[in-house]
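Peer 1: Input upload.tsv, format and content: TSV, C-alpha atoms.
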```
chain	number	residue	atom	x	y	z
O	1	MET	CA	59.95	70.95	48.71
O	2	ASP	CA	63.64	70.05	48.94
O	3	ASP	CA	64.20	69.72	45.24
O	4	GLN	CA	61.80	72.43	44.04
O	5	PRO	CA	63.89	74.77	41.90
O	6	LEU	CA	64.01	78.53	42.53
O	7	ALA	CA	64.71	81.11	39.83
O	8	LEU	CA	65.80	84.69	40.40
O	9	VAL	CA	65.84	87.40	37.74
O	10	LEU	CA	68.26	90.03	39.02
O	11	PHE	CA	67.72	93.43	37.43
O	12	SER	CA	68.88	95.84	40.15
O	13	GLY	CA	72.57	96.28	40.84
O	14	THR	CA	72.65	98.15	44.14
O	15	ASP	CA	74.39	96.47	47.05
O	16	ASP	CA	71.24	96.24	49.19
O	17	LYS	CA	69.20	94.43	46.50
O	18	LEU	CA	72.16	92.23	45.55
O	19	ASN	CA	72.59	91.30	49.19
O	20	ALA	CA	68.90	90.44	49.51
O	21	ALA	CA	69.23	88.29	46.38
O	22	ALA	CA	72.35	86.56	47.73
O	23	VAL	CA	70.59	85.77	51.01
O	24	MET	CA	67.54	84.39	49.20
O	25	THR	CA	69.89	82.27	47.05
O	26	ALA	CA	71.92	80.97	49.98
O	27	GLY	CA	68.82	80.11	51.98
O	28	ALA	CA	67.33	78.10	49.12
O	29	ALA	CA	70.65	76.35	48.46
O	30	ALA	CA	70.88	75.44	52.16
O	31	LEU	CA	67.50	73.73	51.81
O	32	GLY	CA	68.83	71.64	48.93
O	33	ARG	CA	66.95	73.53	46.24
O	34	PRO	CA	68.66	74.19	42.89
O	35	VAL	CA	68.81	77.93	42.21
O	36	HIS	CA	68.94	79.51	38.78
O	37	VAL	CA	69.98	83.19	38.62
O	38	PHE	CA	69.49	85.31	35.48
O	39	LEU	CA	71.39	88.63	35.36
O	40	GLN	CA	69.95	91.62	33.51
O	41	TYR	CA	70.79	95.29	33.17
O	42	TRP	CA	72.37	96.90	36.25
O	43	ALA	CA	72.69	93.62	38.13
O	44	LEU	CA	74.75	92.21	35.26
O	45	ASP	CA	76.91	95.35	35.30
O	46	ALA	CA	77.71	94.68	38.97
O	47	PHE	CA	79.13	91.24	38.06
O	48	ARG	CA	81.90	92.63	35.81
O	49	ALA	CA	85.20	91.18	36.97
O	50	ASP	CA	86.77	94.60	37.37
O	51	ARG	CA	83.85	96.08	39.34
O	52	ILE	CA	82.31	93.34	41.45
O	53	GLU	CA	84.11	94.40	44.63
O	54	ARG	CA	83.34	98.09	44.19
O	55	ASP	CA	80.68	100.04	46.05
O	56	HIS	CA	77.50	99.70	43.95
O	57	GLY	CA	75.45	102.15	45.99
O	58	LEU	CA	72.07	101.55	47.60
O	59	ALA	CA	68.46	101.95	46.48
O	60	ALA	CA	67.53	105.65	46.32
O	61	GLU	CA	65.11	105.21	49.22
O	62	ALA	CA	67.87	104.03	51.63
O	63	GLY	CA	68.94	107.58	52.43
O	64	PRO	CA	71.79	108.54	54.75
O	65	ALA	CA	70.44	106.50	57.69
O	66	GLY	CA	70.27	103.41	55.47
O	67	ARG	CA	73.86	103.99	54.37
O	68	VAL	CA	74.99	104.12	58.01
O	69	ALA	CA	73.08	100.90	58.83
O	70	VAL	CA	74.57	99.00	55.87
O	71	ASP	CA	78.10	100.20	56.63
O	72	GLY	CA	77.65	99.27	60.29
O	73	LEU	CA	76.63	95.70	59.49
O	74	ARG	CA	79.52	95.33	57.07
O	75	ALA	CA	81.97	96.65	59.70
O	76	ALA	CA	80.54	94.08	62.13
O	77	GLY	CA	81.66	91.32	59.79
O	78	GLN	CA	78.79	90.69	57.35
O	79	ALA	CA	80.08	89.02	54.19
O	80	PRO	CA	79.59	91.03	50.99
O	81	TRP	CA	76.94	89.67	48.59
O	82	TYR	CA	79.44	88.15	46.16
O	83	GLU	CA	81.03	86.16	49.01
O	84	THR	CA	77.59	84.94	50.08
O	85	LEU	CA	76.97	83.83	46.49
O	86	ARG	CA	80.35	82.05	46.37
O	87	GLN	CA	79.47	80.19	49.56
O	88	ALA	CA	76.04	79.31	48.16
O	89	LYS	CA	77.69	77.83	45.06
O	90	GLU	CA	79.97	75.69	47.23
O	91	LEU	CA	77.04	74.60	49.37
O	92	GLY	CA	74.50	73.71	46.72
O	93	THR	CA	73.49	73.90	43.08
O	94	VAL	CA	73.53	77.53	42.02
O	95	ASP	CA	73.70	78.36	38.32
O	96	ILE	CA	74.28	82.03	37.37
O	97	GLN	CA	73.61	83.06	33.78
O	98	ALA	CA	73.95	86.45	32.07
O	99	CYS	CA	71.06	87.61	29.86
O	100	SER	CA	72.34	87.78	26.27
O	101	LEU	CA	70.37	90.95	25.51
O	102	SER	CA	71.89	92.70	28.52
O	103	MET	CA	75.36	91.57	27.39
O	104	ASP	CA	74.67	93.48	24.14
O	105	LEU	CA	73.47	96.47	26.15
O	106	LEU	CA	76.69	96.65	28.15
O	107	ARG	CA	78.83	95.62	25.18
O	108	ILE	CA	80.66	92.96	27.17
O	109	GLU	CA	81.78	89.37	26.64
O	110	HIS	CA	81.66	86.38	29.01
O	111	GLN	CA	85.35	86.83	29.87
O	112	ASP	CA	84.61	90.34	31.19
O	113	LEU	CA	82.49	88.82	33.97
O	114	ASP	CA	83.45	87.48	37.37
O	115	PRO	CA	83.89	83.66	37.49
O	116	LEU	CA	80.68	83.51	39.56
O	117	VAL	CA	78.86	83.78	36.22
O	118	ASP	CA	78.57	80.36	34.60
O	119	GLY	CA	77.41	81.38	31.14
O	120	VAL	CA	75.21	83.48	28.88
O	121	GLU	CA	71.67	82.56	27.84
O	122	GLY	CA	68.58	84.09	26.23
O	123	VAL	CA	65.23	84.58	27.92
O	124	THR	CA	63.64	81.45	26.42
O	125	ALA	CA	66.52	79.34	27.75
O	126	PHE	CA	65.99	81.01	31.11
O	127	TYR	CA	62.35	79.92	31.21
O	128	ILE	CA	63.22	76.37	30.21
O	129	ASN	CA	65.93	76.15	32.88
O	130	ALA	CA	63.67	77.73	35.51
O	131	GLY	CA	61.02	75.08	34.92
O	132	GLU	CA	57.82	75.38	36.90
O	133	GLY	CA	59.34	76.55	40.18
O	134	GLN	CA	59.02	79.87	41.96
O	135	VAL	CA	60.47	82.93	40.23
O	136	LEU	CA	61.44	86.23	41.85
O	137	PHE	CA	62.26	89.45	40.00
O	138	ILE	CA	64.63	91.55	42.09
Z	1	MET	CA	55.55	73.74	30.46
Z	2	ASP	CA	54.26	75.04	27.13
Z	3	ASP	CA	50.87	76.04	28.41
Z	4	GLN	CA	51.85	77.10	31.93
Z	5	PRO	CA	50.57	80.67	32.33
Z	6	LEU	CA	52.84	83.54	33.38
Z	7	ALA	CA	51.61	86.64	35.20
Z	8	LEU	CA	53.45	89.94	35.50
Z	9	VAL	CA	52.51	92.74	37.84
Z	10	LEU	CA	54.11	95.86	36.39
Z	11	PHE	CA	54.56	98.63	38.93
Z	12	SER	CA	57.61	100.51	37.65
Z	13	GLY	CA	57.31	102.77	34.62
Z	14	THR	CA	60.92	103.46	33.66
Z	15	ASP	CA	62.04	102.38	30.19
Z	16	ASP	CA	64.62	99.89	31.49
Z	17	LYS	CA	62.13	97.99	33.67
Z	18	LEU	CA	59.43	98.15	31.00
Z	19	ASN	CA	61.90	96.77	28.48
Z	20	ALA	CA	62.83	93.93	30.85
Z	21	ALA	CA	59.11	93.20	31.29
Z	22	ALA	CA	58.51	93.25	27.53
Z	23	VAL	CA	61.38	90.83	26.94
Z	24	MET	CA	60.10	88.47	29.66
Z	25	THR	CA	56.64	88.66	28.07
Z	26	ALA	CA	57.86	88.05	24.52
Z	27	GLY	CA	60.04	85.12	25.62
Z	28	ALA	CA	57.13	83.42	27.38
Z	29	ALA	CA	54.79	84.07	24.43
Z	30	ALA	CA	57.37	82.57	22.08
Z	31	LEU	CA	57.25	79.40	24.19
Z	32	GLY	CA	53.48	79.22	23.76
Z	33	ARG	CA	52.69	80.33	27.29
Z	34	PRO	CA	49.73	82.64	27.91
Z	35	VAL	CA	50.89	85.85	29.61
Z	36	HIS	CA	48.74	88.02	31.82
Z	37	VAL	CA	50.04	91.54	32.55
Z	38	PHE	CA	48.58	93.73	35.32
Z	39	LEU	CA	49.48	97.45	35.23
Z	40	GLN	CA	49.78	99.44	38.44
Z	41	TYR	CA	50.99	102.88	39.39
Z	42	TRP	CA	53.84	104.28	37.29
Z	43	ALA	CA	53.77	101.41	34.81
Z	44	LEU	CA	50.13	102.18	34.09
Z	45	ASP	CA	51.00	105.86	33.65
Z	46	ALA	CA	53.51	104.86	30.95
Z	47	PHE	CA	50.71	103.17	28.94
Z	48	ARG	CA	48.68	106.39	28.47
Z	49	ALA	CA	48.00	106.80	24.75
Z	50	ASP	CA	49.49	110.29	24.71
Z	51	ARG	CA	52.66	109.33	26.57
Z	52	ILE	CA	53.58	105.77	25.63
Z	53	GLU	CA	56.20	106.82	23.07
Z	54	ARG	CA	57.81	109.41	25.35
Z	55	ASP	CA	61.06	108.98	27.25
Z	56	HIS	CA	60.09	107.46	30.62
Z	57	GLY	CA	63.54	107.72	32.17
Z	58	LEU	CA	65.57	104.94	33.75
Z	59	ALA	CA	65.89	103.51	37.25
Z	60	ALA	CA	67.78	105.93	39.52
Z	61	GLU	CA	70.69	103.50	39.75
Z	62	ALA	CA	71.31	103.52	35.96
Z	63	GLY	CA	73.35	106.72	36.15
Z	64	PRO	CA	74.89	108.51	33.16
Z	65	ALA	CA	76.77	105.40	31.94
Z	66	GLY	CA	73.51	103.44	31.95
Z	67	ARG	CA	71.83	106.19	29.94
Z	68	VAL	CA	74.58	106.02	27.33
Z	69	ALA	CA	74.28	102.21	27.14
Z	70	VAL	CA	70.50	102.28	26.69
Z	71	ASP	CA	70.67	105.03	24.06
Z	72	GLY	CA	73.41	103.12	22.23
Z	73	LEU	CA	71.35	99.93	22.01
Z	74	ARG	CA	68.32	101.87	20.82
Z	75	ALA	CA	70.42	103.63	18.14
Z	76	ALA	CA	71.66	100.18	17.03
Z	77	GLY	CA	68.07	99.24	16.22
Z	78	GLN	CA	66.58	97.75	19.41
Z	79	ALA	CA	62.79	97.94	19.32
Z	80	PRO	CA	61.21	100.05	22.09
Z	81	TRP	CA	59.36	98.07	24.78
Z	82	TYR	CA	55.89	98.90	23.46
Z	83	GLU	CA	56.85	97.50	20.03
Z	84	THR	CA	58.17	94.34	21.67
Z	85	LEU	CA	54.84	94.01	23.49
Z	86	ARG	CA	52.91	94.56	20.24
Z	87	GLN	CA	54.94	91.79	18.60
Z	88	ALA	CA	54.36	89.52	21.59
Z	89	LYS	CA	50.60	90.06	21.28
Z	90	GLU	CA	50.73	89.10	17.59
Z	91	LEU	CA	52.83	86.07	18.35
Z	92	GLY	CA	50.98	84.59	21.29
Z	93	THR	CA	48.34	85.08	23.96
Z	94	VAL	CA	49.16	88.24	25.89
Z	95	ASP	CA	46.43	89.92	27.91
Z	96	ILE	CA	47.21	93.36	29.38
Z	97	GLN	CA	44.89	94.71	32.09
Z	98	ALA	CA	44.98	97.98	34.02
Z	99	CYS	CA	44.54	97.83	37.80
Z	100	SER	CA	41.26	99.56	38.66
Z	101	LEU	CA	42.70	101.16	41.82
Z	102	SER	CA	45.58	102.63	39.83
Z	103	MET	CA	43.09	103.98	37.27
Z	104	ASP	CA	41.50	105.90	40.17
Z	105	LEU	CA	44.93	107.09	41.28
Z	106	LEU	CA	45.73	108.54	37.86
Z	107	ARG	CA	42.15	109.67	37.27
Z	108	ILE	CA	42.02	108.12	33.83
Z	109	GLU	CA	39.56	106.03	31.81
Z	110	HIS	CA	40.15	103.02	29.55
Z	111	GLN	CA	40.00	105.24	26.43
Z	112	ASP	CA	42.97	107.26	27.74
Z	113	LEU	CA	45.19	104.18	27.41
Z	114	ASP	CA	47.10	102.82	24.44
Z	115	PRO	CA	45.28	100.04	22.54
Z	116	LEU	CA	47.86	97.58	23.93
Z	117	VAL	CA	45.74	97.61	27.10
Z	118	ASP	CA	42.85	95.14	26.78
Z	119	GLY	CA	40.79	96.16	29.80
Z	120	VAL	CA	40.55	97.15	33.45
Z	121	GLU	CA	40.29	94.69	36.35
Z	122	GLY	CA	40.58	94.56	40.13
Z	123	VAL	CA	43.19	92.65	42.07
Z	124	THR	CA	40.94	89.67	42.80
Z	125	ALA	CA	40.20	89.28	39.08
Z	126	PHE	CA	43.94	89.46	38.50
Z	127	TYR	CA	44.57	86.53	40.82
Z	128	ILE	CA	41.81	84.47	39.24
Z	129	ASN	CA	43.13	85.15	35.74
Z	130	ALA	CA	46.73	84.47	36.82
Z	131	GLY	CA	45.75	81.04	38.13
Z	132	GLU	CA	48.48	78.98	39.74
Z	133	GLY	CA	51.31	79.94	37.40
Z	134	GLN	CA	54.45	81.91	38.05
Z	135	VAL	CA	54.03	85.59	38.99
Z	136	LEU	CA	56.66	88.32	38.74
Z	137	PHE	CA	56.41	91.78	40.31
Z	138	ILE	CA	58.44	94.26	38.26
B	1	MET	CA	42.99	78.02	44.01
B	2	ASP	CA	41.22	79.14	47.16
B	3	ASP	CA	43.75	77.71	49.55
B	4	GLN	CA	46.89	78.24	47.47
B	5	PRO	CA	49.28	80.22	49.67
B	6	LEU	CA	50.85	83.49	48.53
B	7	ALA	CA	54.19	84.78	49.82
B	8	LEU	CA	55.45	88.34	49.55
B	9	VAL	CA	59.01	89.44	50.21
B	10	LEU	CA	58.80	93.16	50.94
B	11	PHE	CA	62.09	94.96	50.43
B	12	SER	CA	61.02	98.48	49.44
B	13	GLY	CA	59.67	100.85	52.06
B	14	THR	CA	58.13	103.65	50.01
B	15	ASP	CA	54.42	104.30	50.44
B	16	ASP	CA	53.56	103.48	46.82
B	17	LYS	CA	55.21	100.03	46.91
B	18	LEU	CA	53.85	99.31	50.40
B	19	ASN	CA	50.39	100.23	49.19
B	20	ALA	CA	50.74	97.94	46.18
B	21	ALA	CA	51.85	95.16	48.54
B	22	ALA	CA	48.92	95.80	50.90
B	23	VAL	CA	46.44	95.64	48.00
B	24	MET	CA	47.97	92.38	46.71
B	25	THR	CA	47.74	90.99	50.25
B	26	ALA	CA	44.15	92.08	50.82
B	27	GLY	CA	43.03	90.72	47.45
B	28	ALA	CA	44.55	87.31	48.14
B	29	ALA	CA	43.10	87.24	51.66
B	30	ALA	CA	39.66	88.10	50.24
B	31	LEU	CA	39.96	85.01	48.03
B	32	GLY	CA	40.62	82.85	51.10
B	33	ARG	CA	44.31	82.40	50.40
B	34	PRO	CA	46.78	82.39	53.30
B	35	VAL	CA	49.37	85.15	52.84
B	36	HIS	CA	52.87	85.10	54.25
B	37	VAL	CA	54.76	88.42	54.29
B	38	PHE	CA	58.52	88.63	54.90
B	39	LEU	CA	59.93	92.09	55.72
B	40	GLN	CA	63.46	93.04	54.68
B	41	TYR	CA	65.53	96.19	54.63
B	42	TRP	CA	63.61	99.43	54.01
B	43	ALA	CA	60.22	97.74	54.17
B	44	LEU	CA	61.05	96.47	57.66
B	45	ASP	CA	62.15	99.98	58.65
B	46	ALA	CA	58.70	101.27	57.67
B	47	PHE	CA	57.04	98.88	60.16
B	48	ARG	CA	58.76	100.38	63.21
B	49	ALA	CA	56.08	101.24	65.74
B	50	ASP	CA	57.25	104.85	66.00
B	51	ARG	CA	57.41	105.41	62.24
B	52	ILE	CA	54.68	103.36	60.59
B	53	GLU	CA	52.30	106.31	60.25
B	54	ARG	CA	54.95	108.67	58.90
B	55	ASP	CA	55.37	109.68	55.27
B	56	HIS	CA	57.73	107.09	53.76
B	57	GLY	CA	58.14	108.86	50.43
B	58	LEU	CA	57.54	107.42	46.97
B	59	ALA	CA	59.69	105.60	44.44
B	60	ALA	CA	62.16	108.01	42.80
B	61	GLU	CA	60.37	107.65	39.47
B	62	ALA	CA	57.06	108.98	40.87
B	63	GLY	CA	58.11	112.59	40.48
B	64	PRO	CA	56.02	115.61	41.45
B	65	ALA	CA	52.99	114.52	39.37
B	66	GLY	CA	53.01	111.13	41.12
B	67	ARG	CA	53.14	112.85	44.50
B	68	VAL	CA	50.08	114.93	43.60
B	69	ALA	CA	48.21	111.81	42.42
B	70	VAL	CA	48.98	109.85	45.60
B	71	ASP	CA	48.04	112.78	47.85
B	72	GLY	CA	44.82	113.27	45.90
B	73	LEU	CA	43.72	109.66	46.33
B	74	ARG	CA	44.53	109.79	50.03
B	75	ALA	CA	42.53	113.02	50.42
B	76	ALA	CA	39.63	111.27	48.68
B	77	GLY	CA	39.56	108.70	51.46
B	78	GLN	CA	41.92	105.90	50.45
B	79	ALA	CA	43.06	103.93	53.50
B	80	PRO	CA	46.82	104.03	54.18
B	81	TRP	CA	48.66	100.77	53.50
B	82	TYR	CA	48.96	99.78	57.17
B	83	GLU	CA	45.17	100.09	57.57
B	84	THR	CA	44.66	97.92	54.48
B	85	LEU	CA	46.98	95.34	56.01
B	86	ARG	CA	45.11	95.48	59.34
B	87	GLN	CA	41.84	94.86	57.50
B	88	ALA	CA	43.42	92.00	55.56
B	89	LYS	CA	44.52	90.39	58.83
B	90	GLU	CA	40.95	90.64	60.19
B	91	LEU	CA	39.54	89.23	56.97
B	92	GLY	CA	41.84	86.30	56.39
B	93	THR	CA	45.06	84.52	57.29
B	94	VAL	CA	47.91	86.99	56.95
B	95	ASP	CA	51.18	86.28	58.73
B	96	ILE	CA	53.81	89.05	58.77
B	97	GLN	CA	57.37	88.13	59.74
B	98	ALA	CA	60.50	90.28	60.02
B	99	CYS	CA	63.70	88.96	58.42
B	100	SER	CA	66.20	88.27	61.22
B	101	LEU	CA	69.15	89.55	59.18
B	102	SER	CA	67.36	92.83	58.51
B	103	MET	CA	66.59	93.14	62.24
B	104	ASP	CA	70.37	93.03	62.79
B	105	LEU	CA	70.85	95.63	60.05
B	106	LEU	CA	68.46	98.07	61.69
B	107	ARG	CA	69.54	97.10	65.22
B	108	ILE	CA	65.98	96.64	66.40
B	109	GLU	CA	64.03	94.12	68.48
B	110	HIS	CA	60.56	92.67	67.95
B	111	GLN	CA	59.07	95.09	70.47
B	112	ASP	CA	60.25	98.03	68.35
B	113	LEU	CA	57.88	96.93	65.58
B	114	ASP	CA	54.20	97.68	65.02
B	115	PRO	CA	51.83	94.94	66.28
B	116	LEU	CA	51.08	94.11	62.63
B	117	VAL	CA	54.34	92.14	62.72
B	118	ASP	CA	53.76	88.66	64.13
B	119	GLY	CA	57.34	87.54	64.62
B	120	VAL	CA	60.92	87.28	63.39
B	121	GLU	CA	62.24	84.48	61.19
B	122	GLY	CA	65.24	83.58	59.03
B	123	VAL	CA	65.20	83.05	55.30
B	124	THR	CA	65.05	79.25	55.48
B	125	ALA	CA	61.98	79.46	57.75
B	126	PHE	CA	60.50	81.86	55.21
B	127	TYR	CA	60.87	79.32	52.42
B	128	ILE	CA	59.39	76.55	54.52
B	129	ASN	CA	56.40	78.70	55.51
B	130	ALA	CA	55.94	79.92	51.92
B	131	GLY	CA	55.68	76.36	50.67
B	132	GLU	CA	55.25	75.85	46.96
B	133	GLY	CA	52.93	78.78	46.29
B	134	GLN	CA	53.51	81.96	44.33
B	135	VAL	CA	56.14	84.37	45.64
B	136	LEU	CA	56.46	88.07	44.81
B	137	PHE	CA	59.48	90.25	45.60
B	138	ILE	CA	58.34	93.86	46.02
```
Would you mind writing the file out in structure tokens?
Peer 2:
Amino acid sequence: MDDQPLALVLFSGTDDKLNAAAVMTAGAAALGRPVHVFLQYWALDAFRADRIERDHGLAAEAGPAGRVAVDGLRAAGQAPWYETLRQAKELGTVDIQACSLSMDLLRIEHQDLDPLVDGVEGVTAFYINAGEGQVLFI
Amino acid sequence: MDDQPLALVLFSGTDDKLNAAAVMTAGAAALGRPVHVFLQYWALDAFRADRIERDHGLAAEAGPAGRVAVDGLRAAGQAPWYETLRQAKELGTVDIQACSLSMDLLRIEHQDLDPLVDGVEGVTAFYINAGEGQVLFI
Amino acid sequence: MDDQPLALVLFSGTDDKLNAAAVMTAGAAALGRPVHVFLQYWALDAFRADRIERDHGLAAEAGPAGRVAVDGLRAAGQAPWYETLRQAKELGTVDIQACSLSMDLLRIEHQDLDPLVDGVEGVTAFYINAGEGQVLFI
């Protein structure tokens, strides 16, 4: 299984979902699996260079108790999701691509995005790069 | 990979997620892959014949800026998700089935659904039709 | 396909998503497929022994009409999601594991969880147990 690729379509841009995605990415990279990440909609918005370190909120269901739990773990030293992704890229083969249609939606260019993002591609290119491996939509 | 099937379980019925699902479907169909779509809960509700063209809202996280972005792309000529699905069905092999349990939930019959929906099936039939290909839950 | 494993990453903890997950699990188990469930964030919170039978709300998009539909199906005798999961475990091979990072987030121990949960594992163990089968993120 070591070289079985993993593909993640990231749609949601809240910090809890992005953290889950970063952990899934880092875990696969640690196992030696190439990971291909495709950013759409609100997840892509969270990767803008001028916003990536901002608070992106939590899923609506988190509620006040969820907010307290997330803040507590962060205060205890948990790395933010974009740091986890940076570490995963240093550790293994992690390719992060922005969906071209979502770039049009947000009216942004590649240079508006954080350097974590390697490029821009369409959905057919995504499928070709993902190959026959597992795919998660987050 | 050309004939590797793709299966999508659509649960969410907001216009942003449905559009993402339609784009993933159309991209796979364009590559010659058969696509099997299974409609549950709020996604199924969005396929009612008398509601499919309505505004189905956006994910809670979209916020007012997301609303403006989505409306802007639509005003610039982006096809709505149900048109993208219609085109995908003309282009390739796209089978759209309603989950029988969700039909009970919404108390509707097959004739209450838009003609995009080909039939009603249970979850075991879904798995058999999906085969061993990639599956996304949206 | 009978012995092809299925893996589910459960992130969301609302009753509609948990019910969808339970139905996907039960359907796969009925087909003889081993199912591996990995609980993160708000889904893990819903499996606390002292909360599992509580009302966990619905996705924000459900709205008042969705609430009425869900309550109606429950009043008509639909089993709650945790009962469907219990039946799936009796019927087939269903392993439910809590994500160790999410255990830290919620500051809970294994004994705080409902007996449906078989153990605690990290994300790399999840990937190894999931193998090369289909994976859904819910």
Peer 1: Pick out the residues sitting within 10 Å of Z:Ala20, and hand them over as a PDB file with C-alpha atoms, in the frame of the given file; count only C-alpha atoms, and ignore anything fewer than 3 positions along from it in its own chain.
Peer 2:
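The resulting part.pdb:
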```
ATOM      1  CA  VAL O   9      65.840  87.400  37.740  1.00  0.00           C
ATOM      2  CA  PHE O  11      67.720  93.430  37.430  1.00  0.00           C
ATOM      3  CA  GLN O  40      69.950  91.620  33.510  1.00  0.00           C
ATOM      4  CA  TYR O  41      70.790  95.290  33.170  1.00  0.00           C
ATOM      5  CA  LEU O 101      70.370  90.950  25.510  1.00  0.00           C
ATOM      6  CA  SER O 102      71.890  92.700  28.520  1.00  0.00           C
TER       7      SER O 102
ATOM      8  CA  ASP Z  15      62.040 102.380  30.190  1.00  0.00           C
ATOM      9  CA  ASP Z  16      64.620  99.890  31.490  1.00  0.00           C
ATOM     10  CA  LYS Z  17      62.130  97.990  33.670  1.00  0.00           C
ATOM     11  CA  VAL Z  23      61.380  90.830  26.940  1.00  0.00           C
ATOM     12  CA  MET Z  24      60.100  88.470  29.660  1.00  0.00           C
ATOM     13  CA  THR Z  25      56.640  88.660  28.070  1.00  0.00           C
ATOM     14  CA  ALA Z  26      57.860  88.050  24.520  1.00  0.00           C
ATOM     15  CA  TRP Z  81      59.360  98.070  24.780  1.00  0.00           C
ATOM     16  CA  ILE Z 138      58.440  94.260  38.260  1.00  0.00           C
TER      17      ILE Z 138
END
```
Peer 1: List every residue of chain Z that has an atom at most 9 Å from any atom of chain O, giving for each one its closest atom pair and the distance in Å to one decimal, counting only C-alpha atoms, sorted by chain and then by ascending residue number, as a tab-separated table.
Peer 2:
```
residue	atom	partner	partner_atom	distance
Z:Met1	CA	O:Glu132	CA	7.0
Z:Gln4	CA	O:Glu132	CA	8.0
Z:Asp16	CA	O:Tyr41	CA	7.9
Z:Lys17	CA	O:Phe11	CA	8.1
Z:Ala20	CA	O:Gln40	CA	7.9
Z:Val23	CA	O:Val123	CA	7.4
Z:Met24	CA	O:Val123	CA	6.7
Z:Ala26	CA	O:Val123	CA	8.8
Z:Gly27	CA	O:Thr124	CA	5.2
Z:Ala28	CA	O:Thr124	CA	6.9
Z:Ala30	CA	O:Thr124	CA	7.7
Z:Leu31	CA	O:Thr124	CA	7.1
Z:Ala59	CA	O:Ser12	CA	8.7
Z:Ala60	CA	O:Ala60	CA	6.8
Z:Glu61	CA	O:Thr14	CA	7.2
Z:Ala62	CA	O:Trp42	CA	6.7
Z:Gly66	CA	O:Trp42	CA	7.9
Z:Ala69	CA	O:Leu105	CA	5.9
Z:Val70	CA	O:Leu105	CA	6.5
Z:Gly72	CA	O:Leu105	CA	7.7
Z:Leu73	CA	O:Leu105	CA	5.8
Z:Gly133	CA	O:Glu132	CA	8.0
Z:Gln134	CA	O:Gln134	CA	6.4
Z:Val135	CA	O:Val135	CA	7.1
Z:Leu136	CA	O:Phe137	CA	5.9
Z:Phe137	CA	O:Phe137	CA	6.3
Z:Ile138	CA	O:Phe137	CA	6.4
```
Peer 1: Rounded to one decimal place, report the atom CA of Z:Asp50-atom CA of Z:Leu10 distance in Å.
Peer 2: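 Atom-to-atom, atom CA of Z:Asp50 to atom CA of Z:Leu10, that is 19.1 Å.
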Peer 1: List as an MDAnalysis selection string the protein and nucleic acid residues near Z:Asp112, meaning an atom at most 9 Å away when all atoms listed in the file are counted, but skip any in the same chain fewer than 6 places from it.
Peer 2: chainID Z and resid 47:50
Peer 1: Rounded to one decimal place, report the atom CA of O:Cys99-atom CA of O:Ala130 distance in Å.
Peer 2: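 One can read the atom CA of O:Cys99 to atom CA of O:Ala130 distance as 13.6 Å.
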Peer 1: Z:Lys89: which residues within 9 Å, counting only C-alpha atoms, same-chain residues fewer than 5 positions away excluded, as a VMD selection string?
Peer 2: chain Z and resid 26 29 84 94 to 95 116
Peer 1: For a test of reading the model, state the distance in Å between atom CA of B:Val37 and atom CA of B:Ile52, rounded to one decimal.
Peer 2: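 Those two atoms sit 16.2 Å apart.
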Peer 1: Could you pull the residues within 9 Å of Z:Glu53, counting only C-alpha atoms, minus those fewer than 6 positions along the same chain, as a PyMOL selection string?
Peer 2: chain Z and resi 46-47+80+82
Peer 1: Find the residues around B:Val117 up to 9 Å (only C-alpha atoms counted), leave out those fewer than 4 positions away in its own chain, and share them as a list in words.
Peer 2: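 Counting only the stated atoms, we get Leu39, Phe47, Asp95, Ile96, Gln97, Ala98, His110 and Leu113 of chain B.
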Peer 1: In the coordinates of the file, take the point (46.2, 82.0, 25.2) and a cut-off of 9 Å; then, counting only C-alpha atoms, name each qualifying protein, DNA or RNA residue as a PyMOL selection string.
Peer 2: chain Z and resi 3+5+29+32-35+92-95
Peer 1: What box, with edges along x, y and z, holds each listed atom of stretch 64-80 of chain O when 6 Å is added on every side, and can you state its centre and edge lengths in Å to one decimal, as AutoDock Vina command-line options?
Peer 2:
```
--center_x 76.1 --center_y 98.8 --center_z 56.6 --size_x 23.7 --size_y 31.5 --size_z 23.1
```
